[in-house]
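Below you'll find the structure, written out as structure tokens, and then a few comments.
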Amino acid sequence: MDISREMIKIAHKNAQKEGVSIEFKLMSAYDLKFEDESFELVITVGTIHHFNKPLDFFNEAFRVLKRGGELWVYDIVRNAKPKDVKLLSKMINPPLFPLLLVFKLHGLTEEEWHNLVDISKTAKFKTHRLKNAGAFMKLILKKI
Ligand SMILES: C[S@@+](CC[C@H](N)C(=O)[O-])C[C@H]1O[C@@H](n2cnc3c(N)ncnc32)[C@H](O)[C@@H]1O
């Protein structure tokens with residue numbers, strides 16, 4: 001799901017190109033149109049730095065998760081070390097120059113990631129784990 005109609009169109013095209021069938025939904029992360037306890041896993045990639053109300057999103061993700069379910073939040077580390085960005089670029093293979101620019105403008109600084117963990121602790125999740133993988137981070141929140 002995404003709040004942008006344009007992004008949903010791009011995702012549709014990518015799925016078609018890869019020959020996979022995926023249902024895409026236009027909606028806000030703050031107002032998920034799903035019943036309580038619908039999912040075992042909620043994943044968000046590259047979006048958390050856009051959210052000015054991360055706690056509202058955490059609470060909404062908590063609501064749609066089943067007991068024992070997890071929320072995985074992936075995003076990049078702004079101003080990550082060039083060696084870590086180069087390593088990532090080898091894995092995903094985009095042109096390096098725009099990638100370096102992305103790391104200047106997007107994602108969260110390490111300090112912002114730690115603030116995000118503090119915010120997540122005010123949501124109802126029971127465990128909060130931040131994993132640093134060089135140029136990107138993964139925050140894992142578990143509903144028990
Ligand atoms: C950097 S893009 C990442 C897109 C996709 N997740 C990916 O990995 O390619 C950030 C996306 O967050 C979306 N976004 C921003 N605020 C949102 C919100 N409140 N609810 C849902 N999506 C939002 C934007 O529309 C944009 O498509």
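Note on naming: chains are A, B, ... as they come in the structure tokens, residues start from 1 per chain, ligands start from 1 in the order shown.
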
Distance table requested - chain A against ligand 1, cut-off 10 Å, only C-alpha atoms and all ligand atoms: one row per qualifying residue with the closest atom pair and its distance in Å to one decimal, ordered by chain and rising residue number, as a Markdown table.
| residue | atom | partner | partner_atom_place_in_ligand_line | distance |
| --- | --- | --- | --- | --- |
| A:Met1 | CA | ligand 1 | 21 (C) | 6.6 |
| A:Asp2 | CA | ligand 1 | 22 (N) | 4.0 |
| A:Ile3 | CA | ligand 1 | 21 (C) | 4.1 |
| A:Ser4 | CA | ligand 1 | 25 (O) | 4.4 |
| A:Arg5 | CA | ligand 1 | 25 (O) | 8.0 |
| A:Glu6 | CA | ligand 1 | 27 (O) | 8.1 |
| A:Met7 | CA | ligand 1 | 27 (O) | 5.2 |
| A:Ile8 | CA | ligand 1 | 27 (O) | 7.9 |
| A:Ile10 | CA | ligand 1 | 9 (O) | 9.3 |
| A:Ala11 | CA | ligand 1 | 9 (O) | 8.0 |
| A:Lys25 | CA | ligand 1 | 21 (C) | 9.8 |
| A:Leu26 | CA | ligand 1 | 21 (C) | 8.0 |
| A:Met27 | CA | ligand 1 | 21 (C) | 6.1 |
| A:Ser28 | CA | ligand 1 | 20 (N) | 3.6 |
| A:Ala29 | CA | ligand 1 | 20 (N) | 3.8 |
| A:Tyr30 | CA | ligand 1 | 19 (N) | 5.9 |
| A:Asp31 | CA | ligand 1 | 20 (N) | 8.1 |
| A:Leu32 | CA | ligand 1 | 20 (N) | 8.8 |
| A:Ile43 | CA | ligand 1 | 6 (N) | 9.1 |
| A:Thr44 | CA | ligand 1 | 6 (N) | 6.3 |
| A:Val45 | CA | ligand 1 | 6 (N) | 4.6 |
| A:Gly46 | CA | ligand 1 | 3 (C) | 4.5 |
| A:Thr47 | CA | ligand 1 | 12 (O) | 4.3 |
| A:Ile48 | CA | ligand 1 | 12 (O) | 7.5 |
| A:His49 | CA | ligand 1 | 10 (C) | 8.1 |
| A:His50 | CA | ligand 1 | 15 (C) | 5.1 |
| A:Phe51 | CA | ligand 1 | 16 (N) | 5.6 |
| A:Asn52 | CA | ligand 1 | 19 (N) | 8.3 |
| A:Lys53 | CA | ligand 1 | 19 (N) | 8.5 |
| A:Pro54 | CA | ligand 1 | 19 (N) | 9.2 |
| A:Asp56 | CA | ligand 1 | 19 (N) | 9.8 |
| A:Phe57 | CA | ligand 1 | 19 (N) | 8.1 |
| A:Tyr74 | CA | ligand 1 | 8 (O) | 8.8 |
| A:Asp75 | CA | ligand 1 | 8 (O) | 8.7 |
| A:Ile76 | CA | ligand 1 | 1 (C) | 9.8 |
| A:Val102 | CA | ligand 1 | 1 (C) | 9.4 |
| A:His106 | CA | ligand 1 | 1 (C) | 7.8 |
| A:Gly107 | CA | ligand 1 | 1 (C) | 8.6 |

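The shell of residues at most 10 Å from Ile140 in chain A, with only C-alpha atoms counted and near chain neighbours (fewer than 4 positions) removed, consists of A:Ile43, A:Glu70, A:Leu71, A:Trp72, A:Val73, A:Tyr74, A:Val117, A:Ser120, A:Phe125, A:Thr127, A:His128, A:Arg129, A:Leu130, A:Lys131.
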
For Lys121 in chain A, which residue out of A:Lys138, A:Lys104, A:Lys143, A:Lys90 is the nearest one, using only C-alpha atoms?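 Of the candidates, the smallest distance to Lys121 in chain A is held by A:Lys143.
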
I need the residue nearest Val42 in chain A from this list: A:Ile119, A:Leu55, A:Leu139, A:Leu65. Use only C-alpha atoms for the distance. A:Leu65

One number please: CA of Lys66 in chain A to CA of Phe39 in chain A, in Å, one decimal.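 Answer for the CA of Lys66 in chain A to CA of Phe39 in chain A separation: 5.7 Å.
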
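Scanning range 97-130 of chain A with DSSP on the backbone, the alpha helix (DSSP H) assignments fall on Phe97, Pro98, Leu99, Leu100, Leu101, Val102, Phe103, Lys104, Leu105, Glu110, Glu111, Glu112, Trp113, His114, Asn115, Leu116, Val117, Asp118, Ile119, Ser120 and Lys121 of chain A.
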
Keeping N, CA and C atoms, export the residues of the selection given above as a CSV table (one decimal), in the first residue's frame.
chain,number,residue,atom,x,y,z
A,97,PHE,N,26.3,7.5,-8.4
A,97,PHE,CA,26.2,8.9,-8.1
A,97,PHE,C,24.8,9.2,-7.6
A,98,PRO,N,23.7,8.8,-8.3
A,98,PRO,CA,22.4,9.2,-7.7
A,98,PRO,C,22.2,8.5,-6.3
A,99,LEU,N,22.8,7.3,-6.1
A,99,LEU,CA,22.6,6.6,-4.9
A,99,LEU,C,23.3,7.5,-3.7
A,100,LEU,N,24.5,8.0,-4.0
A,100,LEU,CA,25.2,8.9,-3.0
A,100,LEU,C,24.3,10.1,-2.7
A,101,LEU,N,23.6,10.6,-3.7
A,101,LEU,CA,22.7,11.8,-3.4
A,101,LEU,C,21.5,11.4,-2.6
A,102,VAL,N,21.0,10.2,-2.9
A,102,VAL,CA,19.9,9.7,-2.1
A,102,VAL,C,20.3,9.6,-0.6
A,103,PHE,N,21.5,9.2,-0.3
A,103,PHE,CA,22.0,9.1,1.1
A,103,PHE,C,22.2,10.4,1.7
A,104,LYS,N,22.3,11.5,0.9
A,104,LYS,CA,22.4,12.8,1.5
A,104,LYS,C,21.0,13.4,1.9
A,105,LEU,N,20.0,12.9,1.1
A,105,LEU,CA,18.7,13.6,1.3
A,105,LEU,C,17.6,12.8,2.0
A,110,GLU,N,21.6,8.3,12.3
A,110,GLU,CA,21.7,7.2,13.4
A,110,GLU,C,21.0,7.8,14.6
A,111,GLU,N,21.1,9.1,14.9
A,111,GLU,CA,20.5,9.6,16.1
A,111,GLU,C,18.9,9.6,15.9
A,112,GLU,N,18.5,9.9,14.7
A,112,GLU,CA,17.0,9.8,14.4
A,112,GLU,C,16.5,8.4,14.6
A,113,TRP,N,17.3,7.4,14.1
A,113,TRP,CA,16.9,6.0,14.3
A,113,TRP,C,16.7,5.7,15.8
A,114,HIS,N,17.6,6.2,16.6
A,114,HIS,CA,17.5,5.9,18.1
A,114,HIS,C,16.3,6.6,18.7
A,115,ASN,N,16.0,7.9,18.2
A,115,ASN,CA,14.8,8.6,18.6
A,115,ASN,C,13.6,7.8,18.2
A,116,LEU,N,13.6,7.2,17.0
A,116,LEU,CA,12.5,6.4,16.6
A,116,LEU,C,12.2,5.2,17.5
A,117,VAL,N,13.3,4.6,17.9
A,117,VAL,CA,13.2,3.4,18.8
A,117,VAL,C,12.5,3.9,20.1
A,118,ASP,N,12.9,5.1,20.6
A,118,ASP,CA,12.3,5.6,21.8
A,118,ASP,C,10.8,5.9,21.6
A,119,ILE,N,10.4,6.4,20.4
A,119,ILE,CA,9.0,6.6,20.1
A,119,ILE,C,8.3,5.3,20.0
A,120,SER,N,8.9,4.3,19.4
A,120,SER,CA,8.3,3.0,19.3
A,120,SER,C,8.0,2.4,20.7
A,121,LYS,N,8.8,2.8,21.7
A,121,LYS,CA,8.6,2.2,23.0
A,121,LYS,C,7.4,2.8,23.7

DSSP says strand (DSSP E) for which residues of chain A? Put them as a PyMOL selection string? chain A and resi 39-45+65-76+127-133+136-142

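Across the model, the gap from CA of Phe58 in chain A to CA of Met137 in chain A is 16.6 Å.
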
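The nearest approach to Ala123 in chain A among the residues A:Val85, A:Val77, A:Ile92, A:Ala61, with only C-alpha atoms taken into account, belongs to A:Ala61.
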